[in-house]
file structure25.cif (mmCIF, C-alpha atoms and all ligand atoms)
data_protein
loop_
_atom_site.label_atom_id
_atom_site.label_comp_id
_atom_site.auth_asym_id
_atom_site.auth_seq_id
_atom_site.Cartn_x
_atom_site.Cartn_y
_atom_site.Cartn_z
CA MET A 1 90.89 87.42 69.03
CA ASN A 2 90.35 84.66 71.60
CA SER A 3 88.10 85.13 74.63
CA ARG A 4 91.06 85.61 76.94
CA SER A 5 92.62 88.39 74.96
CA GLY A 6 89.16 89.88 74.52
CA ARG A 7 88.79 89.96 78.28
CA ARG A 8 92.25 91.49 78.60
CA ASP A 9 91.43 94.21 76.11
CA GLN A 10 88.28 94.95 78.04
CA LEU A 11 90.30 95.25 81.25
CA ILE A 12 92.81 97.54 79.61
CA ALA A 13 89.94 99.70 78.51
CA GLU A 14 88.56 99.65 82.07
CA MET A 15 91.94 100.84 83.32
CA GLY A 16 91.58 103.84 81.07
CA LEU A 17 94.64 102.90 79.10
CA GLY A 18 93.21 104.04 75.82
CA PRO A 19 94.11 102.20 72.62
CA VAL A 20 94.69 98.57 73.27
CA TRP A 21 98.22 97.31 73.40
CA SER A 22 98.27 93.75 72.25
CA ARG A 23 100.95 91.21 72.74
CA ARG A 24 102.03 89.38 69.60
CA ARG A 25 104.30 86.68 70.87
CA GLN A 26 105.32 85.70 74.35
CA ALA A 27 104.08 87.04 77.65
CA ALA A 28 105.56 90.41 78.31
CA ASP A 29 107.81 90.39 75.29
CA ALA A 30 108.39 94.09 74.77
CA SER A 31 109.84 93.61 71.32
CA SER A 32 106.34 92.87 70.05
CA ALA A 33 104.51 95.65 71.88
CA GLN A 34 102.66 98.30 69.96
CA GLN A 35 103.00 101.58 71.72
CA PRO A 36 99.70 102.65 73.25
CA ASP A 37 98.89 106.30 72.95
CA LEU A 38 98.95 107.06 76.29
CA LEU A 39 99.20 103.32 82.32
CA ALA A 40 103.53 87.11 118.26
CA PRO A 41 103.44 89.29 119.86
CA VAL A 42 105.83 87.98 122.56
CA GLU A 43 104.50 84.52 122.85
CA GLU A 44 102.67 84.05 126.07
CA THR A 45 103.46 80.84 127.77
CA PRO A 46 100.24 78.92 127.65
CA SER A 47 99.06 78.66 131.19
CA VAL A 48 99.11 75.09 132.33
CA PRO A 49 95.77 74.40 133.96
CA ALA A 50 96.28 73.18 137.47
CA ALA A 51 94.69 69.86 138.18
CA ALA A 52 91.47 70.26 140.12
CA GLY A 53 92.11 71.11 143.73
CA GLN A 54 95.82 71.52 143.22
CA ALA A 55 97.78 74.68 143.57
CA PRO A 56 99.66 75.49 140.40
CA SER A 57 103.15 74.18 140.90
CA ALA A 58 105.75 75.56 138.55
CA ILE A 59 105.00 78.28 136.02
CA HIS A 60 107.27 77.82 133.05
CA LEU A 61 108.36 81.15 131.76
CA GLU A 62 109.92 80.76 128.37
CA ALA A 63 111.88 83.36 126.49
CA PRO A 64 110.12 84.58 123.36
CA PRO A 65 111.25 82.68 120.29
CA ALA A 66 114.36 84.27 118.91
CA ALA A 67 113.99 85.63 115.39
CA PRO A 68 116.32 83.83 113.01
CA PRO A 69 119.33 85.94 112.06
CA ALA A 70 119.52 87.21 108.48
CA SER A 71 122.32 84.74 107.74
CA GLU A 72 119.96 81.89 108.61
CA VAL A 73 117.07 83.39 106.64
CA ALA A 74 119.40 83.62 103.63
CA ARG A 75 119.69 79.81 103.58
CA MET A 76 116.02 78.95 104.08
CA ASP A 77 113.89 77.04 101.62
CA TRP A 78 110.32 78.12 100.90
CA ASP A 79 108.75 76.15 103.75
CA ALA A 80 111.23 77.33 106.35
CA LEU A 81 110.94 80.90 105.15
CA GLN A 82 107.16 80.84 105.26
CA GLN A 83 107.26 79.43 108.80
CA ALA A 84 109.78 82.01 109.91
CA VAL A 85 107.57 84.80 108.61
CA ALA A 86 104.47 83.29 110.22
CA GLY A 87 106.16 83.29 113.62
CA CYS A 88 108.15 86.48 113.24
CA VAL A 89 108.40 88.80 116.25
CA LYS A 90 111.24 90.97 114.98
CA CYS A 91 109.31 94.20 115.23
CA ARG A 92 106.21 95.57 116.90
CA LEU A 93 104.00 95.06 113.86
CA CYS A 94 103.59 91.48 115.06
CA GLU A 95 101.59 92.75 118.03
CA THR A 96 98.67 94.00 115.99
CA ARG A 97 98.59 91.66 113.02
CA THR A 98 95.79 89.22 112.29
CA ASN A 99 97.85 87.30 109.74
CA THR A 100 101.28 87.61 108.27
CA VAL A 101 101.16 88.19 104.52
CA PHE A 102 103.91 86.16 102.93
CA GLY A 103 103.54 86.42 99.17
CA VAL A 104 101.55 84.92 96.35
CA GLY A 105 102.11 83.70 92.83
CA ASP A 106 104.28 81.58 90.65
CA ARG A 107 107.45 80.72 92.56
CA LYS A 108 109.27 80.20 89.28
CA ALA A 109 108.05 83.51 87.83
CA LYS A 110 110.22 85.69 85.66
CA TRP A 111 108.45 88.75 87.03
CA MET A 112 108.34 89.90 90.62
CA PHE A 113 106.17 92.77 91.84
CA ILE A 114 106.95 94.26 95.22
CA GLY A 115 104.55 96.34 97.24
CA GLU A 116 104.79 98.10 100.55
CA GLY A 117 102.96 96.05 103.12
CA PRO A 118 99.59 94.57 103.92
CA GLY A 119 96.56 96.77 104.43
CA ARG A 120 93.39 95.85 106.26
CA ASN A 121 92.07 93.39 103.66
CA GLU A 122 95.42 91.69 103.28
CA ASP A 123 95.85 91.42 107.06
CA LEU A 124 92.46 89.74 107.31
CA GLN A 125 93.06 87.32 104.44
CA GLY A 126 96.81 86.77 104.69
CA ILE A 127 97.20 87.40 100.93
CA PRO A 128 98.90 90.40 99.29
CA PHE A 129 96.97 92.91 97.20
CA VAL A 130 93.43 91.66 97.67
CA GLY A 131 91.79 95.08 98.11
CA PRO A 132 90.95 97.68 95.44
CA ALA A 133 94.65 98.35 94.77
CA GLY A 134 95.04 94.62 94.22
CA LYS A 135 92.31 94.62 91.62
CA LEU A 136 94.15 97.31 89.73
CA LEU A 137 97.41 95.38 90.06
CA ASP A 138 95.68 92.29 88.66
CA ASN A 139 94.55 94.35 85.67
CA MET A 140 98.06 95.71 85.17
CA LEU A 141 99.40 92.14 85.20
CA LEU A 142 96.77 91.04 82.74
CA ALA A 143 97.66 93.88 80.40
CA MET A 144 101.23 92.54 80.46
CA GLY A 145 100.13 89.00 79.74
CA LEU A 146 100.76 87.92 83.31
CA SER A 147 98.63 86.89 86.27
CA ARG A 148 99.01 85.97 89.91
CA THR A 149 99.35 82.36 88.94
CA GLU A 150 101.24 82.78 85.67
CA ASN A 151 104.77 84.08 85.57
CA ALA A 152 104.37 86.68 88.32
CA TYR A 153 105.16 86.58 92.02
CA ILE A 154 103.87 89.30 94.35
CA ALA A 155 105.37 90.16 97.72
CA ASN A 156 105.64 93.11 100.07
CA VAL A 157 108.49 94.75 101.92
CA VAL A 158 106.82 94.14 105.28
CA LYS A 159 104.77 91.08 106.03
CA CYS A 160 102.59 92.53 108.81
CA ARG A 161 100.11 95.38 108.52
CA PRO A 162 101.38 98.73 109.80
CA THR A 163 98.67 100.86 111.42
CA ASP A 164 98.63 104.29 112.99
CA GLU A 165 97.22 105.16 116.41
CA ASN A 166 93.73 105.28 114.91
CA GLY A 167 94.05 101.82 113.42
CA ARG A 168 94.45 103.12 109.89
CA ASP A 169 96.94 101.80 107.36
CA ARG A 170 100.28 103.58 107.27
CA ALA A 171 103.62 103.14 105.54
CA PRO A 172 106.10 101.01 107.44
CA ALA A 173 108.82 102.83 109.38
CA PRO A 174 112.35 102.36 108.01
CA GLU A 175 113.29 100.14 110.96
CA GLU A 176 110.23 97.94 110.35
CA ALA A 177 111.12 97.66 106.68
CA GLY A 178 114.74 96.94 107.62
CA ALA A 179 113.76 94.18 110.04
CA CYS A 180 111.63 92.49 107.37
CA MET A 181 113.98 92.87 104.39
CA PRO A 182 115.87 89.58 104.87
CA TYR A 183 112.59 87.76 104.17
CA LEU A 184 112.00 89.65 100.95
CA GLN A 185 115.62 89.25 99.93
CA ARG A 186 115.31 85.49 100.37
CA GLN A 187 112.04 85.43 98.42
CA ILE A 188 113.79 87.20 95.55
CA GLU A 189 116.69 84.73 95.69
CA LEU A 190 114.32 81.78 95.64
CA VAL A 191 112.17 83.11 92.78
CA GLN A 192 115.16 84.39 90.77
CA PRO A 193 113.02 86.70 88.62
CA VAL A 194 114.32 88.27 85.44
CA VAL A 195 112.81 91.68 86.26
CA LEU A 196 111.63 93.35 89.45
CA VAL A 197 108.94 96.01 89.61
CA ALA A 198 108.93 98.17 92.73
CA LEU A 199 105.40 99.41 93.39
CA GLY A 200 105.74 102.70 95.20
CA ARG A 201 108.27 104.43 97.35
CA THR A 202 108.69 101.92 100.18
CA ALA A 203 109.61 99.11 97.80
CA ALA A 204 111.89 101.35 95.75
CA VAL A 205 113.87 102.83 98.65
CA SER A 206 114.11 99.51 100.49
CA LEU A 207 115.39 97.57 97.49
CA LEU A 208 117.67 100.30 96.18
CA ASP A 209 118.83 101.52 99.57
CA LEU A 210 117.80 105.10 98.87
CA PRO A 211 116.84 107.89 101.27
CA PRO A 212 113.36 107.21 102.70
CA ASP A 213 111.94 110.44 101.31
CA SER A 214 112.93 109.75 97.68
CA ALA A 215 110.11 110.61 95.28
CA VAL A 216 108.71 107.95 92.97
CA GLY A 217 108.24 110.64 90.33
CA LYS A 218 112.02 111.00 90.21
CA LEU A 219 112.77 107.28 90.28
CA ARG A 220 110.31 106.07 87.67
CA GLY A 221 111.16 105.99 83.97
CA GLN A 222 114.60 104.44 84.39
CA VAL A 223 116.06 100.99 84.86
CA PHE A 224 117.87 100.37 88.14
CA HIS A 225 119.46 97.14 89.26
CA TYR A 226 118.88 95.13 92.38
CA ARG A 227 121.89 92.87 92.58
CA ASP A 228 122.16 92.03 88.88
CA MET A 229 118.44 92.14 88.12
CA PRO A 230 116.82 95.05 86.30
CA LEU A 231 114.41 96.90 88.56
CA VAL A 232 111.82 99.43 87.43
CA VAL A 233 110.03 101.72 89.86
CA THR A 234 106.45 102.74 89.26
CA TYR A 235 103.59 104.25 91.20
CA HIS A 236 101.85 102.15 93.81
CA PRO A 237 98.42 100.97 92.57
CA ALA A 238 96.76 102.61 95.61
CA TYR A 239 98.27 105.94 94.52
CA LEU A 240 97.03 105.35 90.97
CA LEU A 241 93.52 104.87 92.30
CA ARG A 242 93.75 108.35 93.81
CA ARG A 243 95.51 109.90 90.81
CA LEU A 244 93.94 108.31 87.76
CA THR A 245 95.79 110.67 85.45
CA GLU A 246 99.08 108.98 86.40
CA LYS A 247 98.01 105.61 85.00
CA GLY A 248 99.57 106.40 81.65
CA LYS A 249 102.94 106.99 83.30
CA SER A 250 102.64 103.71 85.12
CA TRP A 251 101.88 101.93 81.87
CA ALA A 252 104.97 103.55 80.34
CA ASP A 253 106.99 102.19 83.30
CA LEU A 254 105.61 98.72 82.74
CA CYS A 255 106.54 98.98 79.05
CA LEU A 256 110.04 99.99 80.12
CA ALA A 257 110.15 96.95 82.39
CA MET A 258 109.05 94.78 79.45
CA SER A 259 111.89 96.22 77.37
CA ALA A 260 114.32 95.41 80.17
CA TYR A 261 112.87 91.91 80.26
CA ALA A 262 113.34 91.53 76.51
CA GLY A 263 116.91 92.78 76.89
CA GLN A 264 117.68 89.90 79.23
CA HIS A 265 116.95 87.31 76.53
N1 LIG B 301 99.44 97.61 99.38
C1 LIG B 301 100.62 96.97 99.37
O1 LIG B 301 101.65 97.57 99.22
N2 LIG B 301 100.61 95.67 99.52
C2 LIG B 301 99.50 94.96 99.69
O2 LIG B 301 99.57 93.74 99.82
C3 LIG B 301 98.28 95.66 99.69
C4 LIG B 301 98.27 96.99 99.53
#
call {"tool": "encode", "arguments": {"input": "structure25.cif", "output": "structure tokens"}}
result
Amino acid sequence: MNSRSGRRDQLIAEMGLGPVWSRRRQAADASSAQQPDLLAPVEETPSVPAAAGQAPSAIHLEAPPAAPPASEVARMDWDALQQAVAGCVKCRLCETRTNTVFGVGDRKAKWMFIGEGPGRNEDLQGIPFVGPAGKLLDNMLLAMGLSRTENAYIANVVKCRPTDENGRDRAPAPEEAGACMPYLQRQIELVQPVVLVALGRTAAVSLLDLPPDSAVGKLRGQVFHYRDMPLVVTYHPAYLLRRLTEKGKSWADLCLAMSAYAGQH
């Protein structure tokens, strides 16, 4: 056992996944898996300082920058897409964000993991899944032979943090998710993953166009398709942190996703 796989086994144990599943051949090749027993705001026109002693002459009121239409987003390259997200004012979430949270990972990844939207930590850092749920996601990736920088790309349905009236994290409203979807759709087209994993309800219903109150418990354990890509739904890591007993089900979902991956080769 090399030190890397030793570390992975340790992480699997920390996740409470029980007997160690070890990968024999390629990353996430399900055919070799042993079954574990059980896881701008409206942009203000900058005020032009009047020269000393002069009355301000003309105040230039500019219209807020128009959000690019979905048809334009659908043709963007990575740089243009990232810029469009950074300046997006398509919904009110832009008014309270610190940073937009675009996505992270290997842009040529075969695996894409899709979460809901940034929380407080992500909003502050501008990077998806950097809080406790992110640590669990990192461990899940590691158990699959993946990492943020190796063969996995991580993005969210919405790119700005949704908060409630008390400033606490909340799920995005359907119209917020809808406004942001063209960005995620373009990210998926650019990455061209082999398999998608929807982490939680928001990702599942947004990608599969299901009723917003669909239950993850009813969606998990089966292979859907987004366009022609296999898509597996599993519990959101934040939910797993609250319901540790569900980790085994999530691991079964990831194994299903690995089988779907293997079936694409
Ligand atoms: N939850 C998500 O869905 N996404 C993040 O980036 C962080 C927490």
call {"tool": "residues_near_ligand", "arguments": {"input": "structure25.cif", "ligand": "ligand LIG 301 (chain B)", "cutoff": "7 Å", "atoms": "only C-alpha atoms and all ligand atoms", "output": "PyMOL selection string"}}
result
chain A and resi 115-119+122+127-131+133-134+156+238
call {"tool": "residues_around", "arguments": {"input": "structure25.cif", "residues": "region 217-232 of chain A", "least_positions_apart": "3", "cutoff": "9 Å", "atoms": "only C-alpha atoms", "output": "short mmCIF file (atom, residue, chain, number, x, y, z; two decimals) with C-alpha atoms, keeping the file's coordinate frame"}}
result
data_model
loop_
_atom_site.label_atom_id
_atom_site.label_comp_id
_atom_site.auth_asym_id
_atom_site.auth_seq_id
_atom_site.Cartn_x
_atom_site.Cartn_y
_atom_site.Cartn_z
CA GLN A 192 115.16 84.39 90.77
CA PRO A 193 113.02 86.70 88.62
CA VAL A 194 114.32 88.27 85.44
CA VAL A 195 112.81 91.68 86.26
CA LEU A 196 111.63 93.35 89.45
CA VAL A 197 108.94 96.01 89.61
CA ALA A 198 108.93 98.17 92.73
CA LEU A 199 105.40 99.41 93.39
CA ARG A 201 108.27 104.43 97.35
CA ALA A 204 111.89 101.35 95.75
CA LEU A 207 115.39 97.57 97.49
CA LEU A 208 117.67 100.30 96.18
CA SER A 214 112.93 109.75 97.68
CA TYR A 235 103.59 104.25 91.20
CA LYS A 249 102.94 106.99 83.30
CA SER A 250 102.64 103.71 85.12
CA ALA A 252 104.97 103.55 80.34
CA ASP A 253 106.99 102.19 83.30
CA LEU A 254 105.61 98.72 82.74
CA LEU A 256 110.04 99.99 80.12
CA ALA A 257 110.15 96.95 82.39
CA ALA A 260 114.32 95.41 80.17
CA TYR A 261 112.87 91.91 80.26
CA GLN A 264 117.68 89.90 79.23
#
call {"tool": "residues_around", "arguments": {"input": "structure25.cif", "residues": "region 72-86 of chain A", "least_positions_apart": "5", "cutoff": "10 Å", "atoms": "all atoms listed in the file", "output": "CSV table (one decimal) with C-alpha atoms, keeping the file's coordinate frame"}}
result
chain,number,residue,atom,x,y,z
A,40,ALA,CA,103.5,87.1,118.3
A,67,ALA,CA,114.0,85.6,115.4
A,94,CYS,CA,103.6,91.5,115.1
A,99,ASN,CA,97.8,87.3,109.7
A,100,THR,CA,101.3,87.6,108.3
A,101,VAL,CA,101.2,88.2,104.5
A,102,PHE,CA,103.9,86.2,102.9
A,103,GLY,CA,103.5,86.4,99.2
A,107,ARG,CA,107.4,80.7,92.6
A,158,VAL,CA,106.8,94.1,105.3
A,159,LYS,CA,104.8,91.1,106.0
A,160,CYS,CA,102.6,92.5,108.8
A,180,CYS,CA,111.6,92.5,107.4
A,182,PRO,CA,115.9,89.6,104.9
A,183,TYR,CA,112.6,87.8,104.2
A,184,LEU,CA,112.0,89.6,101.0
A,185,GLN,CA,115.6,89.2,99.9
A,186,ARG,CA,115.3,85.5,100.4
A,187,GLN,CA,112.0,85.4,98.4
A,189,GLU,CA,116.7,84.7,95.7
A,190,LEU,CA,114.3,81.8,95.6
A,191,VAL,CA,112.2,83.1,92.8
call {"tool": "closest_residue", "arguments": {"input": "structure25.cif", "among": "A:Ala70, A:Met181, A:Thr163, A:Leu136", "to": "Tyr239 (chain A)", "atoms": "all atoms listed in the file"}}
result
A:Leu136
call {"tool": "atom_distance", "arguments": {"input": "structure25.cif", "atom1": "CA of Arg161 (chain A)", "atom2": "CA of Gly145 (chain A)"}}
result
29.5 Å
call {"tool": "closest_residue", "arguments": {"input": "structure25.cif", "among": "A:His236, A:Pro68, A:Arg120, A:Arg243", "to": "Asp169 (chain A)", "atoms": "all atoms listed in the file"}}
result
A:Arg120
call {"tool": "closest_residue", "arguments": {"input": "structure25.cif", "among": "A:Gly105, A:Pro162, A:Gly178, A:Pro132", "to": "Leu146 (chain A)", "atoms": "all atoms listed in the file"}}
result
A:Gly105
